[in-house]
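*Asks:* Take this structure, written in structure tokens, and hold onto it; I'll ask about it next.
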Amino acid sequence: MQYRRDSFLGIRLREARESNGFTITELAERTDISKQAISQFESGKNLPSGETLTRLSFALQFPIHFFSKEKNQNLSEQSSPIFFRSFASSTKQNREKAKVKEVWFAEIINYFKSYVNFPKPNLPDFNIDPLESSEDDIEEIALSVRKFWGLGNGPISNLIRLLEANGIFVSRINVANEIDAFSLWRKDNPIIILGTSKTSSVRSRFDAAHELGHLILHRNLSEDVQKDKLLLKKIESQADRFSSAFLMPYDTFPRELISLNLEYLQSLKSRWLVSMQSMIMRAFQLNIISENQKSYFFRNFSRYRKKEPLDDKIPFETPLLLSKTIQKIIESNLLTGNRIYEDLSLRLNDLSELTNTDKNLFIDAQNLNNLIQLKP
């Protein structure tokens with residue numbers, strides 16, 4: 001395909017650069033193209049020649065046609081702030097890298113909406129002011145969400161599957177160790193992005209429930225709340241409380257928390273799929289134990305702060321909605337894997353990661369098979 005300069009989109013160059021974690025200076029050094037020129041390409045003030053774009057494409061490891069892939073302007077609208085699970089400890093560079101991948105995830109979702117009907121978002125609207133909500137309010141909201149989804153008040157066997165069934169799009173990506181998870185509403189699509197840095201599936205489940213709390217509680221807040229450290233701390237605390245209350249309801253979980261010894265907590269962990277430390281914090285929240293008892297537990301179980309018993313036994317929950325969609329579309333001969341890959345114009349690794357799909361599914365062997373004739 002011949003490159004047309006007037007089809008170049010500077011925003012795609014910026015996405016490709018940020019997804020690699022490069023600053024403009026670093027990209028300039030890798031390509032021997034001036035910082036000023038790259039900045040002008042990204043802003044749309046100038047267009048690269050075919051030779052220059054080839055150098056940029058090679059350095060960034062993106063197909064050339066990615067840089068002319070049209071943007072869906074409606075899709076670019078956020079209807080909620082982005083809440084990062086570890087905002088204070090994450091760098092701006094890594095947050096931008098994560099944001100770019102989320103934009104691509106939203107584009108993938110939009111692409112497949114032309115072929116399938118995804119589950120519609122099924123989240124209750126409580127019409128509350130979260131900044132005025134108490135801890136008791138958060139507890140009741142968490143129980144109400146369970147009731148809305150018909151869950152009862154027992155353990156949740158697969159949280160990711162539950163989220164996807166209720167119209168929440170989930171992806172797990174490798175961005176940076178400091179980014180555990182984040183979420184947002186993009187138009188009418190609720191999106192949760194989980195990181196891969198957690199070594200424990202139960203902690204990752206807590207992150208997912210935390211982000212569900214953001215989607216429900218904080219959808220209508222302004223981005224400006226993140227500039228206020230005290231407000232941000234309150235918002236994160238509310239999402240943590242929601243996660244605890246949603247995974248360990250106050251009217252059922254305490255009945256089973258009859259002992260805090262290690263063996264018994266392990267048995268509860270395998271049933272409720274939450275960490276032992278989360279159980280202790282939940283016991284403290286519900287006034288089952290005192291501050292001193294909580295501190296005593298954490299001192300005596302400090303060796304388990306990073307890795308607890310059963311962490312290597314309980315498998316991670318994986319998003320399946322998009323991978324099953326792709327498989328069904330290919331099996332139904334609506335599209336080939338290669339056509340999907342070409343249309344989305346992403347790097348193969350990014351496409352595979354965002355959709356949790358084996359990259360071999362996008363490498364089309366069908367045409368080659370058709371050329372091979374068996375002897376009679």
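Residues are referred to by chain and number: the chain letter is A, B, ... according to the order shown in the structure tokens, the number counts from 1 in that chain, and ligands are numbered separately from 1 in the order shown.
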Would you mind listing, for every residue of region 94-207 of chain A within 10 Å of region 223-239 of chain A, the two atoms forming the shortest contact and the distance between them in Å to one decimal, using only C-alpha atoms, sorted by chain and ascending residue number, as a tab-separated table?
*Replies:*
residue	atom	partner	partner_atom	distance
A:Pro130	CA	A:Ile235	CA	8.0
A:Leu131	CA	A:Ile235	CA	7.7
A:Ser133	CA	A:Gln238	CA	8.8
A:Ser134	CA	A:Gln238	CA	8.7
A:Glu135	CA	A:Gln238	CA	7.3
A:Asp137	CA	A:Gln238	CA	9.9
A:Ile138	CA	A:Gln238	CA	7.0
A:Glu139	CA	A:Gln238	CA	9.7
A:Asp207	CA	A:Ala239	CA	9.3
*Asks:* Quick one: residues within 12 Å of Lys198 (chain A), only C-alpha atoms counted, chain neighbours fewer than 6 positions away excluded, as a PyMOL selection string?
*Replies:* chain A and resi 172-181+204-208+306-307+311-312+316
*Asks:* Considering only C-alpha atoms, can you say which of A:Arg14, A:Ser68, A:Glu211, A:Glu29 comes closest to Ser43 (chain A)?
*Replies:*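 Among A:Arg14, A:Ser68, A:Glu211, A:Glu29, it is A:Arg14 that comes nearest to Ser43 (chain A).
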*Asks:* Identify, on the basis of only C-alpha atoms, every residue whose closest approach to Val274 (chain A) does not exceed 9 Å; exclude the query and any residue fewer than 5 positions from it along the same chain; express the result as number ranges by chain.
*Replies:* A: 201-203, 205-206, 247-248, 268-269, 279
*Asks:* Provide the CA of Lys35 (chain A) to CA of Ala16 (chain A) distance in Å, to one decimal place.
*Replies:*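 Those two atoms sit 15.6 Å apart.
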*Asks:* Give me, please, the distance in Å between CA of Gly21 (chain A) and CA of Gln93 (chain A), quoted to one decimal.
*Replies:*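 So the two atoms, CA of Gly21 (chain A) and CA of Gln93 (chain A), lie 6.5 Å apart.
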*Asks:* Given the choices A:Phe169, A:Ser157, A:Leu286, A:Ile193, which gets closest to Ser323 (chain A) if the distance is worked out from only C-alpha atoms?
*Replies:*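 Nearest candidate to Ser323 (chain A) out of A:Phe169, A:Ser157, A:Leu286, A:Ile193: A:Phe169.
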*Asks:* Can you work out the spacing between CA of Trp149 (chain A) and CA of Phe112 (chain A) in Å, to one decimal?
*Replies:*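 Spanning CA of Trp149 (chain A) to CA of Phe112 (chain A) is a straight-line distance of 25.6 Å.
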